[in-house]
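Raw data25.txt, compact mmCIF, C-alpha atoms:
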```txt
# COMPACT_ATOMS: atom_id res chain seq x y z
CA MET A 1 50.07 18.69 -44.37
CA LEU A 2 46.65 18.94 -42.76
CA LYS A 3 46.22 20.55 -39.43
CA ARG A 4 45.44 18.19 -36.60
CA PRO A 5 41.73 18.40 -35.61
CA SER A 6 41.02 20.17 -32.38
CA SER A 7 40.76 17.62 -29.62
CA ARG A 8 38.61 20.01 -27.52
CA ARG A 9 35.95 20.38 -30.23
CA ASN A 10 35.69 16.66 -30.82
CA SER A 11 35.79 15.67 -27.21
CA GLY A 12 31.98 14.86 -27.06
CA ASP A 13 30.87 11.24 -26.84
CA GLY A 14 28.91 11.46 -30.15
CA GLN A 15 25.54 10.40 -28.69
CA ILE A 16 22.40 12.29 -29.70
CA THR A 17 19.56 12.27 -27.20
CA LEU A 18 16.23 12.03 -29.01
CA ASN A 19 13.61 14.41 -27.63
CA LEU A 20 10.71 12.05 -26.97
CA VAL A 21 8.48 14.51 -25.13
CA PRO A 22 6.42 15.69 -28.18
CA MET A 23 5.96 12.08 -29.26
CA MET A 24 4.73 11.20 -25.81
CA ASP A 25 2.32 14.14 -25.89
CA THR A 26 0.86 12.79 -29.16
CA PHE A 27 0.48 9.28 -27.74
CA VAL A 28 -1.22 10.50 -24.58
CA THR A 29 -3.65 12.62 -26.65
CA LEU A 30 -4.40 9.67 -28.95
CA ILE A 31 -4.96 7.29 -26.03
CA GLY A 32 -7.29 9.80 -24.35
CA PHE A 33 -9.29 10.23 -27.57
CA LEU A 34 -9.54 6.48 -28.18
CA LEU A 35 -10.58 5.77 -24.60
CA TYR A 36 -13.25 8.48 -24.79
CA THR A 37 -14.75 7.26 -28.06
CA MET A 38 -14.37 3.54 -27.46
CA ALA A 39 -17.35 1.21 -27.15
CA PHE A 40 -16.53 -1.26 -24.42
CA VAL A 41 -19.56 -3.43 -25.25
CA ALA A 42 -19.68 -4.51 -28.88
CA MET A 43 -23.27 -4.94 -29.95
CA VAL A 44 -24.77 -6.99 -32.77
CA LEU A 45 -28.30 -7.33 -34.10
CA VAL A 46 -30.68 -9.97 -35.33
CA GLU A 47 -33.31 -8.52 -37.63
CA THR A 48 -36.82 -9.91 -37.89
CA PRO A 49 -39.79 -8.44 -39.72
CA LEU A 50 -43.31 -8.22 -38.39
CA PRO A 51 -45.28 -10.99 -40.10
CA THR A 52 -47.76 -9.53 -42.57
CA ALA A 53 -50.22 -11.39 -44.71
CA SER A 54 -52.18 -9.98 -47.59
CA PRO A 55 -54.83 -12.34 -49.08
CA ASN A 56 -53.27 -12.09 -52.55
CA GLU A 57 -49.81 -13.00 -51.29
CA VAL A 58 -51.15 -15.94 -49.31
CA ALA A 59 -53.13 -17.24 -52.31
CA GLU A 60 -50.01 -16.90 -54.49
CA LYS A 61 -47.88 -18.77 -51.98
CA LEU A 62 -50.38 -21.56 -51.52
CA LYS A 63 -50.46 -22.38 -55.24
CA GLU A 64 -47.45 -24.50 -54.59
CA LYS A 65 -47.25 -25.80 -51.05
CA PRO A 66 -44.29 -24.07 -49.36
CA LEU A 67 -41.98 -25.63 -46.78
CA GLN A 68 -42.83 -22.99 -44.16
CA LEU A 69 -40.29 -24.41 -41.77
CA THR A 70 -41.54 -23.91 -38.23
CA VAL A 71 -39.69 -24.29 -34.93
CA SER A 72 -42.05 -24.50 -31.96
CA PHE A 73 -40.51 -24.12 -28.53
CA ARG A 74 -42.52 -25.70 -25.74
CA LYS A 75 -41.91 -25.97 -22.04
CA GLU A 76 -40.01 -29.26 -22.23
CA GLU A 77 -39.32 -29.80 -25.91
CA THR A 78 -38.70 -28.21 -29.30
CA GLU A 79 -40.40 -29.37 -32.49
CA ILE A 80 -39.23 -28.76 -36.04
CA TRP A 81 -42.07 -29.25 -38.49
CA SER A 82 -43.79 -28.04 -41.63
CA PRO A 83 -47.55 -27.25 -41.68
CA PHE A 84 -47.65 -28.66 -45.22
CA GLN A 85 -45.93 -31.94 -44.24
CA LYS A 86 -42.92 -31.20 -46.44
CA ILE A 87 -40.65 -32.70 -43.77
CA ALA A 88 -41.19 -35.30 -41.07
CA PRO A 89 -41.71 -33.54 -37.72
CA LYS A 90 -38.91 -33.99 -35.25
CA VAL A 91 -39.02 -33.37 -31.51
CA PHE A 92 -36.02 -32.53 -29.31
CA LYS A 93 -36.40 -32.88 -25.57
CA ASN A 94 -34.79 -30.14 -23.51
CA LEU A 95 -31.51 -30.99 -21.79
CA PRO A 96 -31.57 -32.19 -18.16
CA ASP A 97 -30.57 -28.69 -16.98
CA GLY A 98 -33.63 -27.25 -18.74
CA GLY A 99 -31.67 -25.72 -21.64
CA LEU A 100 -32.52 -26.21 -25.29
CA ASP A 101 -30.88 -28.99 -27.28
CA LEU A 102 -29.30 -26.44 -29.59
CA LYS A 103 -26.87 -28.94 -31.11
CA GLY A 104 -29.64 -31.37 -32.07
CA ILE A 105 -31.83 -28.55 -33.42
CA HIS A 106 -28.94 -27.17 -35.48
CA GLU A 107 -28.03 -30.57 -36.94
CA GLU A 108 -31.65 -31.23 -37.93
CA LEU A 109 -31.91 -27.82 -39.57
CA VAL A 110 -28.70 -28.45 -41.51
CA SER A 111 -30.24 -31.65 -42.90
CA VAL A 112 -33.43 -29.70 -43.80
CA LYS A 113 -31.30 -27.06 -45.52
CA LYS A 114 -29.64 -29.81 -47.57
CA GLN A 115 -33.09 -30.89 -48.79
CA PHE A 116 -34.26 -27.32 -49.43
CA PRO A 117 -31.07 -25.33 -50.11
CA LYS A 118 -32.90 -22.28 -51.50
CA GLU A 119 -35.17 -21.93 -48.48
CA ASP A 120 -34.09 -19.18 -46.08
CA HIS A 121 -37.25 -18.48 -44.05
CA VAL A 122 -38.12 -19.96 -40.70
CA VAL A 123 -41.05 -19.33 -38.38
CA LEU A 124 -40.41 -19.31 -34.63
CA ALA A 125 -43.12 -20.00 -32.10
CA PRO A 126 -41.69 -19.64 -28.58
CA THR A 127 -43.69 -20.05 -25.39
CA GLY A 128 -44.42 -16.98 -23.30
CA GLY A 129 -41.97 -18.09 -20.59
CA MET A 130 -38.95 -18.47 -22.86
CA THR A 131 -36.20 -16.05 -21.88
CA TYR A 132 -34.62 -13.54 -24.26
CA GLU A 133 -31.27 -15.26 -23.75
CA ASN A 134 -32.71 -18.58 -24.99
CA ILE A 135 -34.44 -16.86 -27.92
CA ILE A 136 -31.15 -15.29 -29.07
CA ALA A 137 -29.29 -18.60 -28.59
CA ALA A 138 -31.97 -20.45 -30.60
CA MET A 139 -31.88 -17.81 -33.34
CA ASP A 140 -28.10 -18.17 -33.57
CA SER A 141 -28.32 -21.94 -34.02
CA ILE A 142 -31.11 -21.51 -36.59
CA ARG A 143 -29.55 -18.68 -38.59
CA ILE A 144 -25.83 -19.34 -38.61
CA LEU A 145 -24.03 -22.10 -40.48
CA ASP A 146 -20.97 -23.14 -38.51
CA ALA A 147 -17.55 -23.69 -40.05
CA THR A 148 -17.74 -27.35 -38.97
CA ASP A 149 -21.06 -27.94 -40.79
CA PRO A 150 -21.03 -29.63 -44.18
CA ALA A 151 -20.90 -27.17 -47.06
CA ILE A 152 -24.23 -26.42 -48.74
CA PHE A 153 -24.14 -25.08 -52.28
CA VAL A 154 -26.82 -23.15 -54.15
CA LYS A 155 -26.66 -22.31 -57.83
CA ASN A 156 -26.50 -18.57 -58.46
CA GLU A 157 -29.05 -17.82 -61.20
CA LYS A 158 -27.06 -14.85 -62.49
CA THR A 159 -23.62 -16.39 -62.72
CA GLY A 160 -24.63 -20.04 -63.07
CA MET A 161 -22.01 -20.94 -60.46
CA ASP A 162 -22.53 -22.98 -57.30
CA GLU A 163 -22.03 -20.81 -54.24
CA ALA A 164 -21.45 -22.02 -50.70
CA GLN A 165 -24.09 -20.82 -48.25
CA LYS A 166 -22.87 -18.82 -45.27
CA LEU A 167 -26.16 -18.77 -43.39
CA LEU A 168 -28.68 -21.49 -42.60
CA PHE A 169 -32.13 -19.90 -42.31
CA PRO A 170 -31.41 -16.18 -41.88
CA GLN A 171 -34.96 -14.86 -42.35
CA VAL A 172 -36.58 -15.38 -38.96
CA VAL A 173 -40.20 -14.47 -38.30
CA PHE A 174 -42.15 -14.81 -35.06
CA GLY A 175 -45.35 -16.64 -35.83
CA ASN A 176 -47.28 -16.13 -32.64
CA ILE A 177 -47.14 -12.39 -31.97
CA LEU A 178 -50.92 -12.11 -32.13
CA GLY A 179 -51.59 -15.33 -30.27
CA SER A 180 -50.92 -16.63 -26.80
CA ASP A 181 -49.51 -19.87 -25.35
CA MET B 1 48.17 15.98 -4.21
CA PRO B 2 45.71 13.14 -3.42
CA ALA B 3 43.56 15.64 -1.52
CA PHE B 4 43.16 17.79 -4.66
CA ARG B 5 42.13 14.76 -6.70
CA SER B 6 39.40 13.93 -4.23
CA ILE B 7 37.89 17.43 -4.47
CA ARG B 8 37.95 17.24 -8.28
CA LYS B 9 36.09 13.93 -8.22
CA ARG B 10 33.46 15.34 -5.87
CA THR B 11 32.70 18.31 -8.17
CA LYS B 12 32.44 15.95 -11.15
CA ARG B 13 29.85 13.80 -9.32
CA LYS B 14 27.80 16.88 -8.44
CA LYS B 15 27.71 17.95 -12.09
CA LEU B 16 26.44 14.53 -13.16
CA ASN B 17 23.57 14.66 -10.69
CA ASN B 18 22.52 18.09 -11.94
CA ALA B 19 22.35 16.85 -15.56
CA PHE B 20 19.94 13.97 -14.72
CA GLU B 21 17.54 13.12 -17.60
CA LEU B 22 14.38 11.07 -17.34
CA GLN B 23 14.48 7.86 -19.38
CA LEU B 24 11.28 8.02 -21.44
CA THR B 25 11.96 5.05 -23.71
CA SER B 26 10.27 2.47 -21.50
CA LEU B 27 7.30 4.79 -20.99
CA ILE B 28 7.00 5.21 -24.76
CA ASP B 29 7.04 1.40 -25.10
CA VAL B 30 4.09 1.09 -22.72
CA LEU B 31 2.18 3.85 -24.52
CA VAL B 32 2.73 2.20 -27.89
CA ILE B 33 1.38 -1.11 -26.56
CA ILE B 34 -1.71 0.61 -25.12
CA LEU B 35 -2.22 2.51 -28.37
CA VAL B 36 -2.01 -0.65 -30.49
CA PHE B 37 -4.45 -2.46 -28.17
CA LEU B 38 -6.94 0.41 -28.31
CA LEU B 39 -6.69 0.72 -32.08
CA LYS B 40 -7.27 -3.03 -32.45
CA SER B 41 -10.40 -2.99 -30.31
CA TYR B 42 -11.67 0.32 -31.70
CA GLN B 43 -14.95 0.08 -33.56
CA THR B 44 -15.36 2.18 -36.65
CA SER B 45 -19.16 1.96 -36.77
CA MET B 46 -21.03 4.54 -34.79
CA ASN B 47 -24.60 4.18 -33.62
CA ASN B 48 -26.79 5.90 -31.10
CA LEU B 49 -27.80 2.73 -29.28
CA SER B 50 -27.37 2.93 -25.55
CA THR B 51 -27.64 0.66 -22.56
CA VAL B 52 -28.73 1.21 -18.99
CA PRO B 53 -26.83 0.28 -15.82
CA GLY B 54 -27.48 -3.26 -14.66
CA LEU B 55 -28.64 -4.51 -18.07
CA GLN B 56 -27.42 -8.04 -18.73
CA MET B 57 -27.44 -8.55 -22.47
CA PRO B 58 -27.43 -12.02 -24.06
CA ILE B 59 -24.46 -13.03 -26.21
CA SER B 60 -24.86 -13.71 -29.91
CA ALA B 61 -22.55 -15.13 -32.56
CA THR B 62 -24.12 -13.07 -35.33
CA LEU B 63 -21.94 -10.45 -37.01
CA ASP B 64 -24.49 -7.84 -38.14
CA GLU B 65 -23.64 -4.50 -36.59
CA PRO B 66 -26.46 -2.31 -35.31
CA ARG B 67 -27.46 0.83 -37.14
CA ASP B 68 -29.32 3.90 -35.98
CA SER B 69 -33.00 3.45 -35.20
CA HIS B 70 -35.49 4.06 -32.45
CA GLN B 71 -34.64 1.96 -29.42
CA VAL B 72 -36.64 0.39 -26.65
CA ILE B 73 -34.81 -1.04 -23.64
CA ILE B 74 -36.43 -3.62 -21.38
CA THR B 75 -34.98 -4.23 -17.95
CA PRO B 76 -36.50 -6.20 -15.05
CA GLU B 77 -37.51 -2.82 -13.59
CA GLY B 78 -39.23 -1.19 -16.55
CA ILE B 79 -39.30 -0.09 -20.18
CA THR B 80 -37.23 2.80 -21.58
CA PHE B 81 -37.85 4.33 -25.00
CA GLU B 82 -35.31 6.70 -26.49
CA ASN B 83 -33.58 7.13 -23.11
CA GLU B 84 -36.82 8.06 -21.35
CA ARG B 85 -38.43 5.73 -18.81
CA ILE B 86 -42.01 5.27 -19.91
CA LEU B 87 -43.16 2.38 -17.77
CA ASP B 88 -42.27 0.67 -14.49
CA PHE B 89 -43.04 -2.98 -13.84
CA ILE B 90 -44.74 -3.87 -10.58
CA GLN B 91 -42.03 -4.78 -8.10
CA SER B 92 -42.79 -7.30 -5.40
CA PRO B 93 -40.62 -8.08 -2.35
CA ASP B 94 -39.74 -11.41 -4.01
CA SER B 95 -38.39 -9.72 -7.14
CA ALA B 96 -35.43 -8.11 -5.34
CA GLY B 97 -32.35 -10.09 -6.38
CA ALA B 98 -34.42 -12.63 -8.29
CA THR B 99 -32.69 -14.46 -11.13
CA GLU B 100 -35.78 -14.16 -13.32
CA GLY B 101 -37.60 -10.87 -13.82
CA GLN B 102 -41.22 -10.49 -12.78
CA TYR B 103 -42.29 -8.11 -15.59
CA ALA B 104 -45.75 -7.65 -14.13
CA PHE B 105 -47.63 -4.81 -15.82
CA ASN B 106 -50.08 -2.47 -14.18
CA LYS B 107 -53.51 -3.32 -15.55
CA SER B 108 -54.03 0.34 -16.45
CA ASP B 109 -50.99 0.16 -18.79
CA LEU B 110 -52.48 -2.61 -20.95
CA LYS B 111 -55.20 -2.69 -23.58
CA GLU B 112 -56.63 -5.14 -26.15
CA ASP B 113 -56.69 -8.21 -23.87
CA GLY B 114 -53.35 -7.31 -22.36
CA LYS B 115 -51.51 -7.36 -25.70
CA LEU B 116 -50.98 -3.61 -26.20
CA ILE B 117 -48.86 -1.50 -23.82
CA THR B 118 -50.51 1.92 -23.82
CA PRO B 119 -47.59 4.16 -22.66
CA LEU B 120 -45.25 2.51 -25.16
CA TYR B 121 -47.82 2.81 -27.96
CA ASP B 122 -48.20 6.54 -27.27
CA ALA B 123 -44.43 7.07 -27.26
CA LEU B 124 -43.97 5.06 -30.47
CA VAL B 125 -46.73 6.93 -32.30
CA LYS B 126 -45.27 10.25 -31.16
CA ALA B 127 -41.80 9.22 -32.41
CA ARG B 128 -43.24 8.00 -35.73
CA GLU B 129 -45.15 11.27 -36.27
CA LYS B 130 -42.02 13.26 -35.48
CA GLY B 131 -40.04 11.14 -37.96
CA GLU B 132 -42.67 11.58 -40.66
CA LEU B 133 -42.74 15.34 -40.09
CA LEU B 134 -38.95 15.53 -40.44
CA ARG B 135 -39.12 13.47 -43.61
CA ALA B 136 -41.83 15.74 -45.03
CA LYS B 137 -39.64 18.79 -44.40
CA SER B 138 -36.51 17.09 -45.73
CA SER B 139 -35.40 17.65 -49.32
CA ALA B 140 -34.87 13.90 -49.80
CA ARG B 141 -37.64 12.55 -52.07
CA ASP B 142 -38.46 9.28 -53.77
CA ALA B 143 -38.87 8.77 -57.54
CA GLN B 144 -42.41 10.16 -57.49
CA GLY B 145 -41.36 13.27 -55.56
CA ASN B 146 -43.00 12.15 -52.33
CA PRO B 147 -41.26 12.34 -48.93
CA MET B 148 -39.28 9.25 -48.05
CA PRO B 149 -41.48 6.70 -46.25
CA PHE B 150 -41.09 6.05 -42.53
CA ASP B 151 -38.64 3.16 -42.11
CA GLY B 152 -40.50 1.68 -39.13
CA ILE B 153 -37.45 0.05 -37.55
CA LEU B 154 -37.32 -0.55 -33.82
CA ALA B 155 -34.26 -1.83 -31.97
CA ILE B 156 -35.15 -3.97 -28.97
CA THR B 157 -32.49 -4.18 -26.28
CA ALA B 158 -33.62 -6.50 -23.54
CA ASP B 159 -32.19 -7.99 -20.40
CA LYS B 160 -31.40 -11.67 -20.97
CA ARG B 161 -33.95 -12.64 -18.29
CA VAL B 162 -36.87 -10.92 -20.04
CA GLN B 163 -39.47 -13.43 -21.13
CA TYR B 164 -40.94 -13.77 -24.61
CA ASP B 165 -44.38 -12.80 -23.31
CA THR B 166 -43.06 -9.27 -22.62
CA ILE B 167 -41.22 -9.08 -25.95
CA ARG B 168 -44.36 -10.28 -27.74
CA LYS B 169 -46.37 -7.47 -26.16
CA ILE B 170 -43.74 -4.97 -27.30
CA MET B 171 -43.72 -6.33 -30.87
CA TYR B 172 -47.54 -6.26 -30.98
CA THR B 173 -47.56 -2.67 -29.67
CA ALA B 174 -44.87 -1.59 -32.14
CA GLY B 175 -46.70 -3.30 -35.01
CA SER B 176 -49.87 -1.43 -34.07
CA ALA B 177 -47.89 1.84 -34.04
CA GLY B 178 -46.58 1.27 -37.57
CA TYR B 179 -43.19 -0.34 -36.87
CA LYS B 180 -42.59 -3.29 -39.20
CA ILE B 181 -39.00 -4.37 -38.55
CA PHE B 182 -37.48 -5.38 -35.22
CA ARG B 183 -33.79 -5.54 -34.45
CA PHE B 184 -32.90 -7.64 -31.45
CA ILE B 185 -29.74 -6.29 -29.89
CA ALA B 186 -27.25 -8.60 -28.21
CA GLN B 187 -23.67 -8.51 -27.04
CA LYS B 188 -21.11 -9.69 -29.57
CA LYS B 189 -19.55 -13.03 -28.82
CA ASP B 190 -15.79 -12.88 -28.35
CA THR B 191 -14.04 -14.72 -31.16
```
What do you get writing this file as structure tokens?
Amino acid sequence: MLKRPSSRRNSGDGQITLNLVPMMDTFVTLIGFLLYTMAFVAMVLVETPLPTASPNEVAEKLKEKPLQLTVSFRKEETEIWSPFQKIAPKVFKNLPDGGLDLKGIHEELVSVKKQFPKEDHVVLAPTGGMTYENIIAAMDSIRILDATDPAIFVKNEKTGMDEAQKLLFPQVVFGNILGSD
Amino acid sequence: MPAFRSIRKRTKRKKLNNAFELQLTSLIDVLVIILVFLLKSYQTSMNNLSTVPGLQMPISATLDEPRDSHQVIITPEGITFENERILDFIQSPDSAGATEGQYAFNKSDLKEDGKLITPLYDALVKAREKGELLRAKSSARDAQGNPMPFDGILAITADKRVQYDTIRKIMYTAGSAGYKIFRFIAQKKDT
């Protein structure tokens, strides 16, 4: 017959208290590190090259008239046109509050992209008084293809497959750096 | 007998108070939530781009993250290149608290029909020469064994009120100093 277990030894309530202090130390250290190295303002960039023109390149380009899509921002309107008359020019009056008609500009550029799906260059010609905020907003509507826009496909020469375009006219160049208004 | 019981109870209560333990579980919960939030909003990319107090950046929907390059910052007060103020715009009494910047240059700071900003040009040329010297000393070489060419990239961080006329002057100046690619910096749009 087994001996009866000692009631004094087993009198504890059986609960184990987890020592959370080292864990808390780790968390506090991690939070301090993350707060110290955190960027509170997330920044993005829009890249644009300085327009350069060598006579040979220009002569080569002009063999076949390019689209050279141009967006000219004026004081009260925006015009989308091609110097080689590849598209019919279209003018968008600014909104009553003075802002650009970004929706209209974007929709027109989507229809141009449908006509010229392989084209990815656009020339911007803002006026001297246009603010940086408006320039960035215009570049967004010119460069980015929204999820709600109709899909535009371009055939990949390497794979032979049609690929959906993610950007509208991503290569933006300022056409009037040397000039004035 | 009841008196003895009361004394026993009192000693028991005292012992309980002495063995008081802090409940850390709820505190741990809060710390975990903060940690998850910070990890979610933590950016892995590191760049040396900076901002200055009072700079109001425009918001962009583009997703390209900035990379290291020389940086010029334009505020309504002046132009900063590589964290060093190189030019102050003329401030008029009307410009204090104005919604649009004045960005009036001193005539002595401009050249070539007002297109080239002399202090900025000098600073850009100095930075380019320094970069070329470092590349010449570096062991990194191209296929022909020459030093790697100067990348000529300039990040432009501007206040949203800065006008294109000022940005055009900066691009013209940078182009004259050998910079061929401009990166316009904006604040990422919240998705």
Inset, instruction - Would you kindly report the residues of chain A within 8 Å of chain B, using only C-alpha atoms, as a PyMOL selection string? - result: chain A and resi 20-21+24+27-28+30-31+34-35+38-39+41-50+126-133+135-137+140+144+177-178
Export C-alpha atoms of the chosen residues as a compact mmCIF listing (two decimals), keeping the file's coordinate frame?
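Saved the output as part.txt:
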```
# COMPACT_ATOMS: atom_id res chain seq x y z
CA LEU A 20 10.71 12.05 -26.97
CA VAL A 21 8.48 14.51 -25.13
CA MET A 24 4.73 11.20 -25.81
CA PHE A 27 0.48 9.28 -27.74
CA VAL A 28 -1.22 10.50 -24.58
CA LEU A 30 -4.40 9.67 -28.95
CA ILE A 31 -4.96 7.29 -26.03
CA LEU A 34 -9.54 6.48 -28.18
CA LEU A 35 -10.58 5.77 -24.60
CA MET A 38 -14.37 3.54 -27.46
CA ALA A 39 -17.35 1.21 -27.15
CA VAL A 41 -19.56 -3.43 -25.25
CA ALA A 42 -19.68 -4.51 -28.88
CA MET A 43 -23.27 -4.94 -29.95
CA VAL A 44 -24.77 -6.99 -32.77
CA LEU A 45 -28.30 -7.33 -34.10
CA VAL A 46 -30.68 -9.97 -35.33
CA GLU A 47 -33.31 -8.52 -37.63
CA THR A 48 -36.82 -9.91 -37.89
CA PRO A 49 -39.79 -8.44 -39.72
CA LEU A 50 -43.31 -8.22 -38.39
CA PRO A 126 -41.69 -19.64 -28.58
CA THR A 127 -43.69 -20.05 -25.39
CA GLY A 128 -44.42 -16.98 -23.30
CA GLY A 129 -41.97 -18.09 -20.59
CA MET A 130 -38.95 -18.47 -22.86
CA THR A 131 -36.20 -16.05 -21.88
CA TYR A 132 -34.62 -13.54 -24.26
CA GLU A 133 -31.27 -15.26 -23.75
CA ILE A 135 -34.44 -16.86 -27.92
CA ILE A 136 -31.15 -15.29 -29.07
CA ALA A 137 -29.29 -18.60 -28.59
CA ASP A 140 -28.10 -18.17 -33.57
CA ILE A 144 -25.83 -19.34 -38.61
CA ILE A 177 -47.14 -12.39 -31.97
CA LEU A 178 -50.92 -12.11 -32.13
```
Inset, instruction - Could you give me, as a list of chain:residue names, the residues that have an atom at most 7 Å away from the point (-41.6, -28.9, -35.0) in the coordinates of the file, using all atoms listed in the file? - result: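 Residues satisfying the cut-off, written out: A:Thr70, A:Val71, A:Ser72, A:Thr78, A:Glu79, A:Ile80, A:Trp81, A:Pro89, A:Lys90, A:Val91.
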Inset, instruction - Take CA of Leu95 in chain A and CA of Ala151 in chain A and report the distance between them in Å, one decimal. - result: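 Here the two named atoms are 27.7 Å from each other.
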Legend entry - Near-Pro150 in chain A list (10 Å; only C-alpha atoms; drop same-chain fewer than 5 positions) as a count of residues only: 4
Inset, instruction - Just the residues within 9 Å of Glu119 in chain A, please, counting all atoms listed in the file, with nothing from its chain fewer than 3 positions along; format it as number ranges by chain. - result: A: 67-69, 113, 116, 122, 168-169
Legend entry - Pairwise distance for CA of His121 in chain A and CA of Gln171 in chain A, rounded to one decimal in Å: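 That distance, rounded to one decimal, is 4.6 Å.
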Legend entry - Coordinates-based distance that separates CA of Lys75 in chain A from CA of Gln91 in chain B (Å, one decimal):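 Separating CA of Gln91 in chain B from CA of Lys75 in chain A is a distance of 25.4 Å.
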